[in-house]
>>> print(open('coords_20.pdb').read())   # PDB, C-alpha atoms
MODEL        1
ATOM      1  CA  MET A 446      52.909 375.457 168.875  1.00  0.00           C
ATOM      2  CA  TRP A 447      56.149 373.903 170.104  1.00  0.00           C
ATOM      3  CA  THR A 448      56.939 373.372 173.763  1.00  0.00           C
ATOM      4  CA  ILE A 449      60.071 372.072 175.460  1.00  0.00           C
ATOM      5  CA  ILE A 450      59.612 369.187 177.878  1.00  0.00           C
ATOM      6  CA  LYS A 451      62.002 367.782 180.447  1.00  0.00           C
ATOM      7  CA  PHE A 452      61.279 364.082 180.656  1.00  0.00           C
ATOM      8  CA  ASP A 453      62.346 361.013 182.612  1.00  0.00           C
ATOM      9  CA  LYS A 454      64.599 359.021 180.262  1.00  0.00           C
ATOM     10  CA  ASN A 455      63.335 355.707 181.630  1.00  0.00           C
ATOM     11  CA  LYS A 456      59.670 356.626 181.117  1.00  0.00           C
ATOM     12  CA  LEU A 457      59.638 358.089 177.600  1.00  0.00           C
ATOM     13  CA  ASP A 458      57.228 355.406 176.362  1.00  0.00           C
ATOM     14  CA  PHE A 459      54.820 356.195 179.213  1.00  0.00           C
ATOM     15  CA  LEU A 460      55.032 359.877 178.307  1.00  0.00           C
ATOM     16  CA  LYS A 461      54.187 359.212 174.655  1.00  0.00           C
ATOM     17  CA  LYS A 462      51.235 356.965 175.560  1.00  0.00           C
ATOM     18  CA  ASP A 463      49.880 359.429 178.113  1.00  0.00           C
ATOM     19  CA  LEU A 464      50.187 362.335 175.685  1.00  0.00           C
ATOM     20  CA  GLU A 465      48.338 360.282 173.084  1.00  0.00           C
ATOM     21  CA  LYS A 466      45.507 359.627 175.568  1.00  0.00           C
ATOM     22  CA  LYS A 467      45.235 363.279 176.586  1.00  0.00           C
ATOM     23  CA  LEU A 468      45.963 365.046 173.271  1.00  0.00           C
ATOM     24  CA  GLY A 469      45.078 362.492 170.632  1.00  0.00           C
ATOM     25  CA  LYS A 470      47.465 361.388 167.902  1.00  0.00           C
ATOM     26  CA  ASP A 471      48.036 364.828 166.396  1.00  0.00           C
ATOM     27  CA  PHE A 472      51.155 365.754 168.411  1.00  0.00           C
ATOM     28  CA  ILE A 473      54.762 365.603 167.227  1.00  0.00           C
ATOM     29  CA  ILE A 474      57.783 364.727 169.350  1.00  0.00           C
ATOM     30  CA  TYR A 475      61.232 365.721 168.117  1.00  0.00           C
ATOM     31  CA  LYS A 476      64.529 364.786 169.777  1.00  0.00           C
ATOM     32  CA  PRO A 477      67.673 365.737 167.818  1.00  0.00           C
ATOM     33  CA  LYS A 478      70.218 362.941 168.220  1.00  0.00           C
ATOM     34  CA  LEU A 479      73.807 362.060 167.390  1.00  0.00           C
ATOM     35  CA  LEU A 480      75.337 358.679 166.614  1.00  0.00           C
ATOM     36  CA  ILE A 481      78.624 358.470 168.505  1.00  0.00           C
ATOM     37  CA  GLN A 482      81.149 355.775 167.657  1.00  0.00           C
ATOM     38  CA  LYS A 483      83.943 354.698 169.981  1.00  0.00           C
ATOM     39  CA  TYR A 484      86.706 352.131 169.824  1.00  0.00           C
ATOM     40  CA  LYS A 485      87.117 349.756 172.756  1.00  0.00           C
ATOM     41  CA  LYS A 486      89.615 346.914 172.549  1.00  0.00           C
ATOM     42  CA  ASN A 487      89.854 347.238 168.745  1.00  0.00           C
ATOM     43  CA  LYS A 488      86.072 347.047 168.352  1.00  0.00           C
ATOM     44  CA  SER A 489      83.878 349.857 167.157  1.00  0.00           C
ATOM     45  CA  THR A 490      80.773 350.475 169.220  1.00  0.00           C
ATOM     46  CA  SER A 491      78.161 353.089 168.474  1.00  0.00           C
ATOM     47  CA  ARG A 492      75.517 354.619 170.658  1.00  0.00           C
ATOM     48  CA  GLU A 493      72.725 357.090 170.157  1.00  0.00           C
ATOM     49  CA  VAL A 494      72.960 360.310 172.160  1.00  0.00           C
ATOM     50  CA  ASN A 495      70.145 362.810 172.586  1.00  0.00           C
ATOM     51  CA  LEU A 496      71.645 366.228 171.783  1.00  0.00           C
ATOM     52  CA  LEU A 497      69.486 367.921 174.429  1.00  0.00           C
ATOM     53  CA  GLY A 498      69.919 365.279 177.136  1.00  0.00           C
ATOM     54  CA  ASP A 499      66.571 364.759 178.840  1.00  0.00           C
ATOM     55  CA  TYR A 500      64.738 367.516 176.960  1.00  0.00           C
ATOM     56  CA  LEU A 501      62.587 367.147 173.863  1.00  0.00           C
ATOM     57  CA  PHE A 502      60.375 369.279 171.654  1.00  0.00           C
ATOM     58  CA  CYS A 503      56.657 368.583 171.435  1.00  0.00           C
ATOM     59  CA  PHE A 504      54.241 370.200 168.977  1.00  0.00           C
ATOM     60  CA  HIS A 505      50.486 370.484 169.366  1.00  0.00           C
ATOM     61  CA  ASN A 506      48.065 373.254 168.401  1.00  0.00           C
ATOM     62  CA  ASN A 507      46.489 373.355 171.886  1.00  0.00           C
ATOM     63  CA  PHE A 508      49.731 374.326 173.659  1.00  0.00           C
ATOM     64  CA  LYS A 509      48.662 377.975 173.156  1.00  0.00           C
ATOM     65  CA  ASN A 510      46.047 377.354 175.829  1.00  0.00           C
ATOM     66  CA  PRO A 511      47.471 377.410 179.399  1.00  0.00           C
ATOM     67  CA  GLU A 512      44.728 375.008 180.502  1.00  0.00           C
ATOM     68  CA  THR A 513      46.182 372.331 178.225  1.00  0.00           C
ATOM     69  CA  ILE A 514      49.589 372.687 179.892  1.00  0.00           C
ATOM     70  CA  ASN A 515      47.994 372.548 183.368  1.00  0.00           C
ATOM     71  CA  ARG A 516      46.075 369.396 182.402  1.00  0.00           C
ATOM     72  CA  LEU A 517      49.326 367.724 181.255  1.00  0.00           C
ATOM     73  CA  LYS A 518      51.494 368.650 184.272  1.00  0.00           C
ATOM     74  CA  PHE A 519      50.989 365.273 185.951  1.00  0.00           C
ATOM     75  CA  THR A 520      51.628 363.103 182.897  1.00  0.00           C
ATOM     76  CA  LYS A 521      53.705 359.959 183.511  1.00  0.00           C
ATOM     77  CA  GLY A 522      57.311 360.470 182.433  1.00  0.00           C
ATOM     78  CA  LEU A 523      57.028 364.270 182.409  1.00  0.00           C
ATOM     79  CA  LYS A 524      59.183 366.263 184.808  1.00  0.00           C
ATOM     80  CA  TYR A 525      58.087 369.729 183.689  1.00  0.00           C
ATOM     81  CA  PHE A 526      57.417 372.089 180.788  1.00  0.00           C
ATOM     82  CA  LEU A 527      60.109 374.701 180.227  1.00  0.00           C
ATOM     83  CA  ASN A 528      58.677 378.174 180.876  1.00  0.00           C
ATOM     84  CA  GLY A 529      58.716 380.882 178.209  1.00  0.00           C
ATOM     85  CA  PHE A 530      58.134 378.620 175.219  1.00  0.00           C
ATOM     86  CA  ILE A 531      55.207 380.740 173.993  1.00  0.00           C
ATOM     87  CA  LYS A 532      57.414 383.809 173.540  1.00  0.00           C
ATOM     88  CA  SER A 533      60.269 381.793 171.985  1.00  0.00           C
ATOM     89  CA  GLN A 534      58.450 380.141 169.075  1.00  0.00           C
ATOM     90  CA  LYS A 535      60.633 381.808 166.405  1.00  0.00           C
ATOM     91  CA  GLU A 536      63.850 380.620 168.059  1.00  0.00           C
ATOM     92  CA  ILE A 537      62.490 377.117 168.657  1.00  0.00           C
ATOM     93  CA  ASN A 538      61.345 376.808 165.027  1.00  0.00           C
ATOM     94  CA  LYS A 539      64.703 378.106 163.779  1.00  0.00           C
ATOM     95  CA  PHE A 540      66.610 375.597 165.933  1.00  0.00           C
ATOM     96  CA  ILE A 541      64.410 372.671 164.865  1.00  0.00           C
ATOM     97  CA  GLN A 542      64.788 373.611 161.182  1.00  0.00           C
ATOM     98  CA  LYS A 543      68.577 373.803 161.625  1.00  0.00           C
ATOM     99  CA  CYS A 544      68.571 370.355 163.241  1.00  0.00           C
ATOM    100  CA  LYS A 545      66.344 368.797 160.578  1.00  0.00           C
ATOM    101  CA  GLY A 546      68.373 370.448 157.815  1.00  0.00           C
ATOM    102  CA  SER A 547      71.595 368.869 159.035  1.00  0.00           C
ATOM    103  CA  GLU A 548      70.274 365.335 159.623  1.00  0.00           C
ATOM    104  CA  ASN A 549      71.696 362.514 157.534  1.00  0.00           C
ATOM    105  CA  ASN A 550      69.580 359.837 155.835  1.00  0.00           C
ATOM    106  CA  LYS A 551      69.410 357.820 159.099  1.00  0.00           C
ATOM    107  CA  GLY A 552      67.982 360.740 161.091  1.00  0.00           C
ATOM    108  CA  TYR A 553      71.145 361.598 163.024  1.00  0.00           C
ATOM    109  CA  LEU A 554      72.732 365.042 163.074  1.00  0.00           C
ATOM    110  CA  SER A 555      75.759 365.388 160.824  1.00  0.00           C
ATOM    111  CA  SER A 556      78.771 367.622 161.349  1.00  0.00           C
ATOM    112  CA  ASP A 557      76.965 370.341 159.352  1.00  0.00           C
ATOM    113  CA  PHE A 558      75.037 371.112 162.525  1.00  0.00           C
ATOM    114  CA  PHE A 559      78.134 372.393 164.323  1.00  0.00           C
ATOM    115  CA  GLU A 560      79.639 375.634 163.100  1.00  0.00           C
ATOM    116  CA  THR A 561      83.290 375.284 162.187  1.00  0.00           C
ATOM    117  CA  HIS A 562      85.788 378.012 162.997  1.00  0.00           C
ATOM    118  CA  LEU A 563      89.483 378.384 162.215  1.00  0.00           C
ATOM    119  CA  ASN A 564      92.021 377.602 164.954  1.00  0.00           C
ATOM    120  CA  LYS A 565      89.443 375.865 167.167  1.00  0.00           C
ATOM    121  CA  GLU A 566      89.786 372.329 168.481  1.00  0.00           C
ATOM    122  CA  TYR A 567      87.307 369.579 167.575  1.00  0.00           C
ATOM    123  CA  THR A 568      86.939 365.890 168.381  1.00  0.00           C
ATOM    124  CA  PHE A 569      86.129 363.165 165.852  1.00  0.00           C
ATOM    125  CA  HIS A 570      83.128 360.969 166.704  1.00  0.00           C
ATOM    126  CA  GLU A 571      83.352 358.531 163.804  1.00  0.00           C
ATOM    127  CA  GLY A 572      85.788 357.166 161.277  1.00  0.00           C
ATOM    128  CA  PRO A 573      89.406 356.073 161.784  1.00  0.00           C
ATOM    129  CA  PHE A 574      90.217 359.053 164.014  1.00  0.00           C
ATOM    130  CA  ILE A 575      87.511 358.481 166.662  1.00  0.00           C
ATOM    131  CA  GLY A 576      88.259 360.309 169.879  1.00  0.00           C
ATOM    132  CA  MET A 577      91.198 362.238 168.417  1.00  0.00           C
ATOM    133  CA  ILE A 578      91.419 365.999 168.784  1.00  0.00           C
ATOM    134  CA  PHE A 579      92.270 368.155 165.796  1.00  0.00           C
ATOM    135  CA  LYS A 580      92.591 371.829 164.955  1.00  0.00           C
ATOM    136  CA  ILE A 581      91.118 373.426 161.834  1.00  0.00           C
ATOM    137  CA  LEU A 582      93.767 375.267 159.819  1.00  0.00           C
ATOM    138  CA  GLN A 583      91.854 376.168 156.672  1.00  0.00           C
ATOM    139  CA  LEU A 584      88.242 375.902 155.525  1.00  0.00           C
ATOM    140  CA  GLN A 585      87.390 375.286 151.887  1.00  0.00           C
ATOM    141  CA  LYS A 586      84.048 374.609 150.239  1.00  0.00           C
ATOM    142  CA  ASN A 587      84.077 370.793 150.662  1.00  0.00           C
ATOM    143  CA  LYS A 588      87.420 370.192 152.394  1.00  0.00           C
ATOM    144  CA  ILE A 589      89.041 371.118 155.670  1.00  0.00           C
ATOM    145  CA  ASN A 590      92.782 371.309 156.275  1.00  0.00           C
ATOM    146  CA  ILE A 591      93.454 370.085 159.804  1.00  0.00           C
ATOM    147  CA  MET A 592      96.324 369.551 162.205  1.00  0.00           C
ATOM    148  CA  LEU A 593      96.011 366.117 163.820  1.00  0.00           C
ATOM    149  CA  GLY A 594      98.706 365.852 166.443  1.00  0.00           C
ATOM    150  CA  ASN A 595     101.757 367.108 164.572  1.00  0.00           C
ATOM    151  CA  LYS A 596     100.510 365.958 161.143  1.00  0.00           C
ATOM    152  CA  ARG A 597      98.726 368.137 158.598  1.00  0.00           C
ATOM    153  CA  THR A 598      96.054 366.486 156.490  1.00  0.00           C
ATOM    154  CA  THR A 599      92.903 367.273 154.537  1.00  0.00           C
ATOM    155  CA  ILE A 600      89.497 365.715 155.139  1.00  0.00           C
ATOM    156  CA  VAL A 601      86.222 365.954 153.253  1.00  0.00           C
ATOM    157  CA  LYS A 602      83.916 368.274 155.201  1.00  0.00           C
ATOM    158  CA  ASN A 603      80.864 365.996 155.526  1.00  0.00           C
ATOM    159  CA  GLN A 604      82.652 362.661 155.671  1.00  0.00           C
ATOM    160  CA  PHE A 605      83.165 362.479 159.457  1.00  0.00           C
ATOM    161  CA  LEU A 606      81.134 363.522 162.474  1.00  0.00           C
ATOM    162  CA  TYR A 607      83.014 365.911 164.722  1.00  0.00           C
ATOM    163  CA  SER A 608      82.042 368.412 167.386  1.00  0.00           C
ATOM    164  CA  PRO A 609      83.701 371.306 169.183  1.00  0.00           C
ATOM    165  CA  ASN A 610      85.991 370.266 171.973  1.00  0.00           C
TER     166      ASN A 610
ENDMDL
END
>>> encode(input="coords_20.pdb", output="structure tokens")
Amino acid sequence: MWTIIKFDKNKLDFLKKDLEKKLGKDFIIYKPKLLIQKYKKNKSTSREVNLLGDYLFCFHNNFKNPETINRLKFTKGLKYFLNGFIKSQKEINKFIQKCKGSENNKGYLSSDFFETHLNKEYTFHEGPFIGMIFKILQLQKNKINIMLGNKRTTIVKNQFLYSPN
């Protein structure tokens, strides 16, 4: 059963070690992440960003039992368990499958994760147009016609990471 945990970003290693002590090694932690590239002074820098901020998914069979959650409430690095996770298992599984299905070979979410809509604005997060805002004019199977500033161009759909503005 999946649960959603709010954690202290500086104490994630403590959280993992404490969970291992209390649950054993048969738990799974999943944090969907993006790789964001930026240009500063003509240099490209990239950084990893957790899509959910300071939340993560954790799977263990014993999370069905409320006593297990109560026993873990004072784990180092844990702020709290999000309530209602037992009733939301279908939605959590669906979201995790969507995330895993749109990961690239390095484990980062690709632009497939974000739904694309006509006439909406998006921002590039990688490639030569980093940080630039564009509008989608036409969607094709593998290509997107965009308006970048006052220029029209076509890009390959999965070539660049972009997100809604």
>>> closest_residue(input="coords_20.pdb", among="A:Ile474, A:Leu468, A:Leu554, A:Ile531", to="A:Glu493", atoms="all atoms listed in the file")
A:Leu554
>>> closest_residue(input="coords_20.pdb", among="A:Gly546, A:Gly498, A:Pro511, A:Gly552", to="A:Phe530", atoms="only C-alpha atoms")
A:Pro511
>>> resolve_selection(input="coords_20.pdb", expression="the PyMOL selection byres ((chain A and resi 564) around 8)", output="PyMOL selection string")
chain A and resi 562-563+565-566+580-582
>>> residues_around(input="coords_20.pdb", residues="A:Lys545", least_positions_apart="6", cutoff="12 Å", atoms="only C-alpha atoms", output="VMD selection string")
chain A and resid 475 to 478 538 to 539 551 to 555 557 to 558
>>> atom_distance(input="coords_20.pdb", atom1="atom CA of A:Ser491", atom2="atom CA of A:Thr568")
15.5 Å
>>> closest_residue(input="coords_20.pdb", among="A:Glu560, A:Glu571, A:Asp471, A:Asp499", to="A:Leu523", atoms="only C-alpha atoms")
A:Asp499
>>> resolve_selection(input="coords_20.pdb", expression="the PyMOL selection byres ((chain A and resi 446) around 8)", output="list in words")
Trp447, Thr448, Phe504, His505, Asn506, Asn507, Phe508, Lys509, Ile531 and Gln534 of chain A
>>> resolve_selection(input="coords_20.pdb", expression="the PyMOL selection byres ((chain A and resi 567) around 6)", output="number ranges by chain")
A: 566, 568, 578-579, 608-610
>>> closest_residue(input="coords_20.pdb", among="A:Arg492, A:Lys532, A:Lys518, A:Lys596", to="A:Leu460", atoms="all atoms listed in the file")
A:Lys518
